[in-house]
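File shown: query.cif. Contents: mmCIF, C-alpha atoms.
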```cif
data_entry
loop_
_atom_site.group_PDB
_atom_site.id
_atom_site.type_symbol
_atom_site.label_atom_id
_atom_site.label_comp_id
_atom_site.auth_asym_id
_atom_site.auth_seq_id
_atom_site.Cartn_x
_atom_site.Cartn_y
_atom_site.Cartn_z
ATOM 1 C CA MET A 1239 -23.302 2.238 -5.180
ATOM 2 C CA SER A 1240 -24.131 5.920 -5.655
ATOM 3 C CA ILE A 1241 -21.733 8.626 -6.830
ATOM 4 C CA LEU A 1242 -21.596 9.977 -3.274
ATOM 5 C CA ASP A 1243 -20.655 6.523 -1.967
ATOM 6 C CA THR A 1244 -18.043 6.310 -4.722
ATOM 7 C CA ILE A 1245 -16.484 9.639 -3.760
ATOM 8 C CA ILE A 1246 -16.414 8.869 -0.032
ATOM 9 C CA ILE A 1247 -14.841 5.426 -0.490
ATOM 10 C CA ALA A 1248 -12.291 6.862 -2.947
ATOM 11 C CA ILE A 1249 -11.399 9.584 -0.431
ATOM 12 C CA VAL A 1250 -10.837 6.900 2.213
ATOM 13 C CA GLU A 1251 -8.637 4.973 -0.244
ATOM 14 C CA GLY A 1252 -6.598 8.035 -1.175
ATOM 15 C CA LEU A 1253 -6.112 9.098 2.444
ATOM 16 C CA THR A 1254 -5.134 5.716 3.832
ATOM 17 C CA GLU A 1255 -3.355 3.810 1.052
ATOM 18 C CA PHE A 1256 0.094 5.327 1.656
ATOM 19 C CA LEU A 1257 -0.267 5.954 5.379
ATOM 20 C CA PRO A 1258 0.669 3.178 7.865
ATOM 21 C CA VAL A 1259 -2.920 2.755 9.030
ATOM 22 C CA SER A 1260 -4.340 0.000 6.763
ATOM 23 C CA SER A 1261 -6.711 1.053 4.019
ATOM 24 C CA THR A 1262 -8.562 -2.278 4.408
ATOM 25 C CA GLY A 1263 -9.669 -1.483 7.952
ATOM 26 C CA HIS A 1264 -10.918 1.919 6.904
ATOM 27 C CA MET A 1265 -12.744 0.459 3.905
ATOM 28 C CA ILE A 1266 -14.630 -1.887 6.214
ATOM 29 C CA ILE A 1267 -15.841 0.987 8.388
ATOM 30 C CA ALA A 1268 -16.639 3.267 5.434
ATOM 31 C CA GLN A 1269 -18.600 0.617 3.524
ATOM 32 C CA ASN A 1270 -20.673 -0.377 6.541
ATOM 33 C CA LEU A 1271 -21.391 3.180 7.668
ATOM 34 C CA LEU A 1272 -22.584 3.961 4.149
ATOM 35 C CA GLY A 1273 -24.625 0.770 3.984
ATOM 36 C CA VAL A 1274 -22.947 -0.307 0.732
ATOM 37 C CA GLU A 1275 -23.530 -3.966 -0.065
ATOM 38 C CA SER A 1276 -20.353 -6.001 -0.616
ATOM 39 C CA THR A 1277 -21.078 -7.039 -4.216
ATOM 40 C CA GLU A 1278 -18.535 -8.381 -6.702
ATOM 41 C CA PHE A 1279 -18.304 -4.938 -8.286
ATOM 42 C CA VAL A 1280 -17.672 -3.196 -4.959
ATOM 43 C CA LYS A 1281 -14.864 -5.666 -4.227
ATOM 44 C CA ALA A 1282 -13.370 -5.011 -7.671
ATOM 45 C CA PHE A 1283 -13.833 -1.249 -7.277
ATOM 46 C CA THR A 1284 -11.601 -1.101 -4.203
ATOM 47 C CA PHE A 1285 -8.786 -2.743 -6.171
ATOM 48 C CA ILE A 1286 -9.207 -0.816 -9.410
ATOM 49 C CA ILE A 1287 -9.198 2.654 -7.813
ATOM 50 C CA GLN A 1288 -5.716 1.861 -6.537
ATOM 51 C CA PHE A 1289 -4.592 2.874 -10.024
ATOM 52 C CA GLY A 1290 -5.430 6.493 -9.182
ATOM 53 C CA ALA A 1291 -3.364 6.275 -5.998
ATOM 54 C CA ILE A 1292 -0.464 4.730 -7.944
ATOM 55 C CA LEU A 1293 -0.558 7.540 -10.478
ATOM 56 C CA SER A 1294 -0.229 10.121 -7.709
ATOM 57 C CA VAL A 1295 3.190 8.700 -6.770
ATOM 58 C CA VAL A 1296 4.397 8.786 -10.373
ATOM 59 C CA VAL A 1297 3.237 12.395 -10.803
ATOM 60 C CA LEU A 1298 4.628 13.666 -7.492
ATOM 61 C CA TYR A 1299 8.001 11.971 -7.945
ATOM 62 C CA TRP A 1300 8.234 11.896 -11.734
ATOM 63 C CA LYS A 1301 11.792 13.306 -11.817
ATOM 64 C CA ARG A 1302 12.996 10.513 -9.550
ATOM 65 C CA PHE A 1303 10.714 7.848 -10.947
ATOM 66 C CA PHE A 1304 11.882 8.341 -14.521
ATOM 67 C CA GLN A 1305 15.597 8.387 -13.872
ATOM 68 C CA LEU A 1306 18.712 6.584 -15.016
ATOM 69 C CA ASN A 1307 22.018 6.310 -13.205
ATOM 70 C CA HIS A 1308 24.511 8.313 -15.246
ATOM 71 C CA THR A 1309 27.432 7.868 -12.842
ATOM 72 C CA PRO A 1310 30.336 5.778 -14.179
ATOM 73 C CA ALA A 1311 29.976 2.026 -13.644
ATOM 74 C CA PRO A 1312 32.686 0.251 -11.600
ATOM 75 C CA GLU A 1313 35.815 -0.509 -13.599
ATOM 76 C CA GLY A 1314 35.861 -3.966 -15.122
ATOM 77 C CA ALA A 1315 32.100 -4.409 -14.741
ATOM 78 C CA SER A 1316 30.455 -6.820 -17.165
ATOM 79 C CA CYS A 1317 27.833 -5.698 -19.686
ATOM 80 C CA ILE A 1318 25.048 -6.976 -17.447
ATOM 81 C CA LYS A 1319 26.405 -5.166 -14.395
ATOM 82 C CA ARG A 1320 26.787 -1.981 -16.431
ATOM 83 C CA LEU A 1321 23.180 -2.311 -17.563
ATOM 84 C CA LEU A 1322 21.970 -2.873 -14.005
ATOM 85 C CA HIS A 1323 24.061 0.097 -12.891
ATOM 86 C CA THR A 1324 22.334 2.326 -15.457
ATOM 87 C CA PHE A 1325 18.861 1.102 -14.467
ATOM 88 C CA ASP A 1326 19.770 0.950 -10.764
ATOM 89 C CA PHE A 1327 16.515 2.518 -9.509
ATOM 90 C CA TYR A 1328 14.279 0.132 -11.459
ATOM 91 C CA TRP A 1329 16.463 -2.875 -10.680
ATOM 92 C CA LYS A 1330 16.142 -2.320 -6.939
ATOM 93 C CA LEU A 1331 12.391 -1.795 -7.272
ATOM 94 C CA PHE A 1332 12.199 -5.111 -9.111
ATOM 95 C CA VAL A 1333 14.294 -6.885 -6.464
ATOM 96 C CA ALA A 1334 12.018 -5.532 -3.723
ATOM 97 C CA PHE A 1335 8.904 -6.473 -5.717
ATOM 98 C CA ILE A 1336 9.888 -10.137 -6.257
ATOM 99 C CA PRO A 1337 8.964 -11.593 -2.804
ATOM 100 C CA ALA A 1338 5.411 -10.223 -2.820
ATOM 101 C CA ALA A 1339 4.894 -11.151 -6.467
ATOM 102 C CA VAL A 1340 5.947 -14.766 -5.885
ATOM 103 C CA LEU A 1341 4.038 -15.249 -2.635
ATOM 104 C CA GLY A 1342 1.005 -13.420 -4.017
ATOM 105 C CA LEU A 1343 0.748 -15.797 -6.963
ATOM 106 C CA LEU A 1344 1.439 -18.917 -4.904
ATOM 107 C CA PHE A 1345 -0.951 -18.131 -2.056
ATOM 108 C CA SER A 1346 -3.594 -15.914 -3.688
ATOM 109 C CA ASP A 1347 -6.438 -18.172 -2.530
ATOM 110 C CA ALA A 1348 -5.201 -18.221 1.070
ATOM 111 C CA ILE A 1349 -4.809 -14.435 1.028
ATOM 112 C CA ASP A 1350 -8.356 -14.025 -0.310
ATOM 113 C CA ALA A 1351 -9.579 -16.300 2.465
ATOM 114 C CA MET A 1352 -7.885 -14.138 5.119
ATOM 115 C CA LEU A 1353 -9.534 -11.079 3.590
ATOM 116 C CA GLU A 1354 -12.870 -12.551 4.629
ATOM 117 C CA SER A 1355 -11.976 -12.217 8.307
ATOM 118 C CA VAL A 1356 -12.880 -8.870 9.850
ATOM 119 C CA ALA A 1357 -11.478 -10.092 13.161
ATOM 120 C CA VAL A 1358 -8.019 -10.566 11.622
ATOM 121 C CA VAL A 1359 -8.078 -6.987 10.297
ATOM 122 C CA ALA A 1360 -9.104 -5.543 13.665
ATOM 123 C CA VAL A 1361 -6.548 -7.515 15.674
ATOM 124 C CA MET A 1362 -3.697 -6.677 13.278
ATOM 125 C CA LEU A 1363 -4.644 -2.999 13.377
ATOM 126 C CA VAL A 1364 -4.313 -3.030 17.156
ATOM 127 C CA LEU A 1365 -1.118 -5.106 17.240
ATOM 128 C CA GLY A 1366 0.463 -3.012 14.488
ATOM 129 C CA GLY A 1367 -0.542 0.131 16.347
ATOM 130 C CA ILE A 1368 1.148 -1.062 19.534
ATOM 131 C CA PHE A 1369 4.307 -1.789 17.547
ATOM 132 C CA MET A 1370 4.265 1.666 15.972
ATOM 133 C CA LEU A 1371 4.223 3.288 19.409
ATOM 134 C CA PHE A 1372 7.737 1.973 19.905
ATOM 135 C CA CYS A 1373 9.189 1.630 16.386
ATOM 136 C CA ASP A 1374 10.908 5.031 16.540
ATOM 137 C CA LYS A 1375 12.813 3.786 19.580
ATOM 138 C CA ILE A 1376 13.466 0.322 18.153
ATOM 139 C CA PHE A 1377 15.041 1.761 15.017
ATOM 140 C CA ASN A 1378 17.305 4.767 15.124
ATOM 141 C CA LYS A 1379 16.641 7.671 12.775
ATOM 142 C CA GLY A 1380 18.921 6.170 10.146
ATOM 143 C CA SER A 1381 21.486 7.913 8.030
ATOM 144 C CA GLU A 1382 21.228 9.714 4.711
ATOM 145 C CA ASP A 1383 24.577 8.141 3.827
ATOM 146 C CA THR A 1384 23.267 4.562 4.106
ATOM 147 C CA PRO A 1385 23.816 2.885 0.692
ATOM 148 C CA PHE A 1386 20.626 1.274 -0.574
ATOM 149 C CA THR A 1387 21.906 -2.020 -1.938
ATOM 150 C CA GLU A 1388 20.090 -4.894 -3.653
ATOM 151 C CA ARG A 1389 20.212 -6.811 -0.370
ATOM 152 C CA ARG A 1390 18.505 -3.986 1.506
ATOM 153 C CA ALA A 1391 15.906 -3.680 -1.267
ATOM 154 C CA PHE A 1392 15.178 -7.415 -1.023
ATOM 155 C CA MET A 1393 14.804 -7.167 2.755
ATOM 156 C CA VAL A 1394 12.240 -4.384 2.340
ATOM 157 C CA GLY A 1395 10.459 -6.668 -0.132
ATOM 158 C CA LEU A 1396 10.327 -9.423 2.483
ATOM 159 C CA PHE A 1397 8.803 -7.012 4.979
ATOM 160 C CA GLN A 1398 6.194 -6.097 2.380
ATOM 161 C CA CYS A 1399 5.031 -9.726 2.369
ATOM 162 C CA ILE A 1400 3.853 -9.298 5.968
ATOM 163 C CA SER A 1401 1.234 -6.863 4.659
ATOM 164 C CA MET A 1402 -0.525 -9.768 2.946
ATOM 165 C CA ILE A 1403 -2.098 -10.280 6.360
ATOM 166 C CA PRO A 1404 -5.139 -7.955 6.287
ATOM 167 C CA GLY A 1405 -4.827 -5.017 8.665
ATOM 168 C CA VAL A 1406 -1.029 -4.932 8.737
ATOM 169 C CA SER A 1407 -0.756 -2.111 6.139
ATOM 170 C CA ARG A 1408 1.596 -2.350 3.166
ATOM 171 C CA SER A 1409 2.885 1.111 3.929
ATOM 172 C CA MET A 1410 3.693 0.282 7.542
ATOM 173 C CA ALA A 1411 5.435 -2.978 6.650
ATOM 174 C CA THR A 1412 7.666 -1.443 3.968
ATOM 175 C CA ILE A 1413 8.497 1.707 5.944
ATOM 176 C CA VAL A 1414 9.497 -0.395 8.960
ATOM 177 C CA GLY A 1415 11.467 -2.613 6.574
ATOM 178 C CA GLY A 1416 13.333 0.399 5.230
ATOM 179 C CA MET A 1417 14.070 1.748 8.707
ATOM 180 C CA SER A 1418 15.365 -1.671 9.762
ATOM 181 C CA GLN A 1419 17.899 -1.371 6.927
ATOM 182 C CA GLY A 1420 19.244 1.941 8.188
ATOM 183 C CA LEU A 1421 17.179 4.308 6.052
ATOM 184 C CA THR A 1422 15.851 7.582 7.422
ATOM 185 C CA ARG A 1423 12.114 7.957 7.991
ATOM 186 C CA LYS A 1424 11.797 10.053 4.845
ATOM 187 C CA ALA A 1425 13.862 7.704 2.670
ATOM 188 C CA ALA A 1426 11.988 4.645 3.967
ATOM 189 C CA ALA A 1427 8.605 6.299 3.332
ATOM 190 C CA GLU A 1428 9.559 7.411 -0.185
ATOM 191 C CA PHE A 1429 10.818 3.963 -1.175
ATOM 192 C CA SER A 1430 7.564 2.570 0.212
ATOM 193 C CA PHE A 1431 5.714 4.887 -2.189
ATOM 194 C CA PHE A 1432 7.893 3.827 -5.126
ATOM 195 C CA LEU A 1433 7.480 0.143 -4.325
ATOM 196 C CA ALA A 1434 3.711 0.616 -4.215
ATOM 197 C CA VAL A 1435 3.686 1.338 -7.956
ATOM 198 C CA PRO A 1436 4.692 -2.130 -9.262
ATOM 199 C CA THR A 1437 3.076 -3.926 -6.313
ATOM 200 C CA MET A 1438 -0.328 -2.253 -6.484
ATOM 201 C CA PHE A 1439 -0.318 -2.064 -10.267
ATOM 202 C CA GLY A 1440 0.396 -5.791 -10.443
ATOM 203 C CA ALA A 1441 -2.326 -6.580 -7.902
ATOM 204 C CA THR A 1442 -4.820 -4.392 -9.772
ATOM 205 C CA LEU A 1443 -4.003 -5.986 -13.125
ATOM 206 C CA TYR A 1444 -4.318 -9.456 -11.633
ATOM 207 C CA LYS A 1445 -7.709 -8.570 -10.149
ATOM 208 C CA VAL A 1446 -8.936 -7.160 -13.482
ATOM 209 C CA TYR A 1447 -7.628 -10.269 -15.266
ATOM 210 C CA LYS A 1448 -9.598 -12.538 -12.918
ATOM 211 C CA ILE A 1449 -12.728 -10.445 -13.495
ATOM 212 C CA LEU A 1450 -12.365 -10.592 -17.278
ATOM 213 C CA LYS A 1451 -11.565 -14.309 -17.149
ATOM 214 C CA THR A 1452 -14.847 -15.000 -15.373
ATOM 215 C CA GLY A 1453 -16.849 -12.941 -17.858
ATOM 216 C CA GLY A 1454 -17.080 -9.751 -15.838
ATOM 217 C CA ILE A 1455 -16.290 -7.343 -18.666
ATOM 218 C CA GLU A 1456 -19.926 -6.156 -18.771
ATOM 219 C CA MET A 1457 -19.741 -5.339 -15.063
ATOM 220 C CA ILE A 1458 -16.747 -3.069 -15.695
ATOM 221 C CA VAL A 1459 -18.247 -1.432 -18.789
ATOM 222 C CA ASP A 1460 -21.593 -0.798 -17.075
ATOM 223 C CA ASN A 1461 -19.846 0.892 -14.146
ATOM 224 C CA MET A 1462 -17.165 2.798 -16.058
ATOM 225 C CA THR A 1463 -18.330 6.202 -14.776
ATOM 226 C CA THR A 1464 -18.054 5.008 -11.188
ATOM 227 C CA LEU A 1465 -14.553 3.654 -11.815
ATOM 228 C CA VAL A 1466 -13.366 6.875 -13.480
ATOM 229 C CA VAL A 1467 -14.744 9.067 -10.662
ATOM 230 C CA GLY A 1468 -13.196 6.767 -8.046
ATOM 231 C CA ASN A 1469 -9.768 6.860 -9.673
ATOM 232 C CA VAL A 1470 -9.773 10.638 -10.099
ATOM 233 C CA VAL A 1471 -10.772 11.241 -6.476
ATOM 234 C CA ALA A 1472 -8.245 8.691 -5.164
ATOM 235 C CA PHE A 1473 -5.527 10.339 -7.276
ATOM 236 C CA ILE A 1474 -6.162 13.858 -5.935
ATOM 237 C CA VAL A 1475 -6.560 12.813 -2.303
ATOM 238 C CA ALA A 1476 -3.510 10.512 -2.384
ATOM 239 C CA MET A 1477 -1.319 13.378 -3.650
ATOM 240 C CA LEU A 1478 -2.363 15.537 -0.713
ATOM 241 C CA ALA A 1479 -1.957 12.669 1.761
ATOM 242 C CA ILE A 1480 1.581 11.830 0.572
ATOM 243 C CA LYS A 1481 2.770 15.438 0.850
ATOM 244 C CA GLY A 1482 1.348 15.836 4.337
ATOM 245 C CA PHE A 1483 2.609 12.444 5.518
ATOM 246 C CA ILE A 1484 6.239 13.080 4.546
ATOM 247 C CA LYS A 1485 6.305 16.423 6.383
ATOM 248 C CA TYR A 1486 4.625 15.009 9.470
ATOM 249 C CA VAL A 1487 6.662 11.827 9.828
ATOM 250 C CA GLN A 1488 9.981 13.685 9.453
ATOM 251 C CA LYS A 1489 9.065 15.925 12.365
ATOM 252 C CA TYR A 1490 6.999 13.745 14.690
ATOM 253 C CA GLY A 1491 7.594 10.077 13.809
ATOM 254 C CA PHE A 1492 4.966 7.319 13.914
ATOM 255 C CA LYS A 1493 3.527 7.325 17.442
ATOM 256 C CA ALA A 1494 0.327 9.179 16.461
ATOM 257 C CA PHE A 1495 -0.336 6.621 13.714
ATOM 258 C CA GLY A 1496 0.098 3.875 16.307
ATOM 259 C CA TRP A 1497 -2.559 5.342 18.574
ATOM 260 C CA TYR A 1498 -4.819 5.923 15.582
ATOM 261 C CA ARG A 1499 -4.537 2.268 14.487
ATOM 262 C CA ILE A 1500 -5.401 1.109 18.010
ATOM 263 C CA VAL A 1501 -8.505 3.321 18.035
ATOM 264 C CA VAL A 1502 -9.691 2.153 14.591
ATOM 265 C CA GLY A 1503 -9.058 -1.510 15.416
ATOM 266 C CA GLY A 1504 -10.882 -1.031 18.691
ATOM 267 C CA ILE A 1505 -13.870 0.523 16.892
ATOM 268 C CA ILE A 1506 -14.122 -2.500 14.600
ATOM 269 C CA LEU A 1507 -13.925 -4.913 17.554
ATOM 270 C CA ILE A 1508 -16.593 -2.953 19.425
ATOM 271 C CA MET A 1509 -18.842 -2.906 16.343
ATOM 272 C CA MET A 1510 -18.420 -6.683 16.007
ATOM 273 C CA ALA A 1511 -19.184 -7.222 19.695
ATOM 274 C CA ALA A 1512 -22.281 -5.015 19.314
ATOM 275 C CA GLY A 1513 -23.573 -7.315 16.590
ATOM 276 C CA PHE A 1514 -22.821 -5.287 13.455
ATOM 277 C CA ASP A 1515 -22.547 -7.551 10.399
ATOM 278 C CA LEU A 1516 -19.267 -6.198 9.034
ATOM 279 C CA GLN A 1517 -18.227 -7.321 5.558
ATOM 280 C CA ILE A 1518 -14.752 -7.160 4.032
ATOM 281 C CA MET A 1519 -14.509 -5.317 0.745
#
```

What does the file become when written as structure tokens?
Amino acid sequence: MSILDTIIIAIVEGLTEFLPVSSTGHMIIAQNLLGVESTEFVKAFTFIIQFGAILSVVVLYWKRFFQLNHTPAPEGASCIKRLLHTFDFYWKLFVAFIPAAVLGLLFSDAIDAMLESVAVVAVMLVLGGIFMLFCDKIFNKGSEDTPFTERRAFMVGLFQCISMIPGVSRSMATIVGGMSQGLTRKAAAEFSFFLAVPTMFGATLYKVYKILKTGGIEMIVDNMTTLVVGNVVAFIVAMLAIKGFIKYVQKYGFKAFGWYRIVVGGIILIMMAAGFDLQIM
């Protein structure tokens, strides 16, 4: 994989990771258009450069990401409840993270098997796109006064599990989950970004662990320059994508993303029907 290929794939990752359009579907198209062979390193690369995208969320929202709850705890609260009250933001992130963490560990092999199916990605892109055409009508605009409880956080976490099906989009699943719990579009999107940090970081660490466990440390060391360039590019592009996405979705909603998903899914299906040998990253 050349440096140019690295930059292009990292741009695709940064642009699509936090948008409800499925980065996996876009990776398929990008890799095949570039003629990049789906080697073990390329598969690892697409996971590892997620770290750059994760870092963009932390940098953009650092004041909110590194925060404690300094409001008084409820009277008569136990020591544990007082502690959870202080670390309220992180506690709710953890609660939302649990479902995907558990299912990811239990069904990692089945998930990897689904990732081998380009057809699944294409179909889910189209189906998810159709849903997004109507999701603004299905869910009202939400209220800024809606309290974000542990129960609501857990429900968003359950929605995130749907994104284990390739082509669904983690961003779409968690944003829809947040809107279903009465959050505004902006609040749902921002919590989706926050939840991406532990989820994607955990997935990246697990992938690196599996590589190291199977003796792939030389592969990582030999391609360190490629990994650094990929992470830097993904970081910069993801920052720009997040800023633009929040402004757009507040004003226009999700219909355009729905049509876009349908078009991309359709392109993949057409390419498959035309005999292109598409390979999942």

Nearest to Ile1292 of chain A by atom-to-atom distance, counting all atoms listed in the file, from A:Asp1374, A:Glu1456, A:Glu1255, A:Glu1278: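 Result for the nearest residue to Ile1292 of chain A: A:Glu1255.
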
Selection in question (the file shown): the PyMOL selection byres ((chain A and resi 1252) around 8). Which residues does it include, as number ranges by chain? A: 1248-1251, 1253-1256, 1291, 1471-1477, 1479

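Minimum atom-to-atom distances from A:Val1414, A:Ala1360, A:Val1502, A:Ala1425 to Phe1386 of chain A were compared using all atoms listed in the file, and the lowest value belongs to A:Ala1425.
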
Report the residues retrieved by the PyMOL selection byres ((chain A and resi 1484) around 10) from the displayed file, expressed as a PDB file with C-alpha atoms, in the frame of the given file.
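Printed below is result.pdb as written:
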```pdb
ATOM      1  CA  LEU A1257      -0.267   5.954   5.379  1.00  0.00           C
ATOM      2  CA  ARG A1423      12.114   7.957   7.991  1.00  0.00           C
ATOM      3  CA  LYS A1424      11.797  10.053   4.845  1.00  0.00           C
ATOM      4  CA  ALA A1425      13.862   7.704   2.670  1.00  0.00           C
ATOM      5  CA  ALA A1427       8.605   6.299   3.332  1.00  0.00           C
ATOM      6  CA  GLU A1428       9.559   7.411  -0.185  1.00  0.00           C
ATOM      7  CA  ALA A1479      -1.957  12.669   1.761  1.00  0.00           C
ATOM      8  CA  ILE A1480       1.581  11.830   0.572  1.00  0.00           C
ATOM      9  CA  LYS A1481       2.770  15.438   0.850  1.00  0.00           C
ATOM     10  CA  GLY A1482       1.348  15.836   4.337  1.00  0.00           C
ATOM     11  CA  PHE A1483       2.609  12.444   5.518  1.00  0.00           C
ATOM     12  CA  LYS A1485       6.305  16.423   6.383  1.00  0.00           C
ATOM     13  CA  TYR A1486       4.625  15.009   9.470  1.00  0.00           C
ATOM     14  CA  VAL A1487       6.662  11.827   9.828  1.00  0.00           C
ATOM     15  CA  GLN A1488       9.981  13.685   9.453  1.00  0.00           C
ATOM     16  CA  LYS A1489       9.065  15.925  12.365  1.00  0.00           C
ATOM     17  CA  GLY A1491       7.594  10.077  13.809  1.00  0.00           C
TER      18      GLY A1491
END
```

Residues matched by the PyMOL selection byres ((chain A and resi 1439-1446) around 12), written as a VMD selection string: chain A and resid 1278 to 1279 1281 to 1293 1295 to 1296 1332 1335 to 1336 1338 to 1343 1346 1350 1402 1432 to 1438 1447 to 1455 1457 to 1458

Nearby residues (all atoms listed in the file) at most 12 Å from Met1510 of chain A, same-chain spacing under 5 positions excluded, as number ranges by chain: A: 1266-1267, 1270, 1355-1361, 1503-1505, 1515-1517

Quick one: of A:Phe1327, A:Phe1495, A:Thr1387, A:Asn1469, who's nearest to Arg1302 of chain A, counting all atoms listed in the file? A:Phe1327

For atom CA of Ile1400 of chain A and atom CA of Ile1413 of chain A, quote the distance in Å rounded to one decimal.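 Atom CA of Ile1413 of chain A lies at a distance of 11.9 Å from atom CA of Ile1400 of chain A.
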
May I have the protein, DNA and RNA residues with an atom at most 8 Å from (22.1, 3.7, -19.0), counting all atoms listed in the file in the file's coordinates, returned as a ChimeraX atom specification? /A:1306-1308,1320-1321,1323-1325

Go ahead and compute the interatomic distance for atom CA of Phe1392 of chain A and atom CA of Thr1422 of chain A, in Å to one decimal. 17.2 Å

Can you measure atom CA of Trp1497 of chain A to atom CA of Ile1368 of chain A for me? One decimal in Å is fine.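 Rounded to one decimal, the two atoms are 7.5 Å apart.
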
Within 7 Å of file point (8.4, -4.7, 6.4), counting all atoms listed in the file, expressed as a PDB file with C-alpha atoms, keeping the file's coordinate frame:
```pdb
ATOM      1  CA  VAL A1394      12.240  -4.384   2.340  1.00  0.00           C
ATOM      2  CA  LEU A1396      10.327  -9.423   2.483  1.00  0.00           C
ATOM      3  CA  PHE A1397       8.803  -7.012   4.979  1.00  0.00           C
ATOM      4  CA  GLN A1398       6.194  -6.097   2.380  1.00  0.00           C
ATOM      5  CA  ILE A1400       3.853  -9.298   5.968  1.00  0.00           C
ATOM      6  CA  MET A1410       3.693   0.282   7.542  1.00  0.00           C
ATOM      7  CA  ALA A1411       5.435  -2.978   6.650  1.00  0.00           C
ATOM      8  CA  THR A1412       7.666  -1.443   3.968  1.00  0.00           C
ATOM      9  CA  ILE A1413       8.497   1.707   5.944  1.00  0.00           C
ATOM     10  CA  VAL A1414       9.497  -0.395   8.960  1.00  0.00           C
ATOM     11  CA  GLY A1415      11.467  -2.613   6.574  1.00  0.00           C
TER      12      GLY A1415
END
```

Please rebuild segment 1414-1426 of chain A with N, CA and C atoms and return the result as a CSV table (one decimal), in the frame of the given file.
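Result went into selection-v8.csv, see below:
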```
chain,number,residue,atom,x,y,z
A,1414,VAL,N,8.7,0.3,7.9
A,1414,VAL,CA,9.5,-0.4,9.0
A,1414,VAL,C,10.7,-1.2,8.4
A,1415,GLY,N,10.4,-1.9,7.2
A,1415,GLY,CA,11.5,-2.6,6.6
A,1415,GLY,C,12.6,-1.7,6.2
A,1416,GLY,N,12.3,-0.6,5.6
A,1416,GLY,CA,13.3,0.4,5.2
A,1416,GLY,C,14.1,0.9,6.4
A,1417,MET,N,13.4,1.2,7.5
A,1417,MET,CA,14.1,1.7,8.7
A,1417,MET,C,15.0,0.7,9.3
A,1418,SER,N,14.5,-0.6,9.2
A,1418,SER,CA,15.4,-1.7,9.8
A,1418,SER,C,16.7,-1.8,9.0
A,1419,GLN,N,16.7,-1.3,7.8
A,1419,GLN,CA,17.9,-1.4,6.9
A,1419,GLN,C,18.7,-0.1,7.0
A,1420,GLY,N,18.4,0.8,8.0
A,1420,GLY,CA,19.2,1.9,8.2
A,1420,GLY,C,18.8,3.2,7.4
A,1421,LEU,N,17.6,3.1,6.8
A,1421,LEU,CA,17.2,4.3,6.1
A,1421,LEU,C,16.5,5.3,7.0
A,1422,THR,N,16.5,6.6,6.6
A,1422,THR,CA,15.9,7.6,7.4
A,1422,THR,C,14.3,7.4,7.3
A,1423,ARG,N,13.6,8.0,8.1
A,1423,ARG,CA,12.1,8.0,8.0
A,1423,ARG,C,11.7,8.4,6.6
A,1424,LYS,N,12.2,9.5,6.1
A,1424,LYS,CA,11.8,10.1,4.8
A,1424,LYS,C,12.2,9.1,3.7
A,1425,ALA,N,13.4,8.6,3.7
A,1425,ALA,CA,13.9,7.7,2.7
A,1425,ALA,C,13.1,6.4,2.7
A,1426,ALA,N,12.8,5.9,3.9
A,1426,ALA,CA,12.0,4.6,4.0
A,1426,ALA,C,10.6,4.9,3.4
```
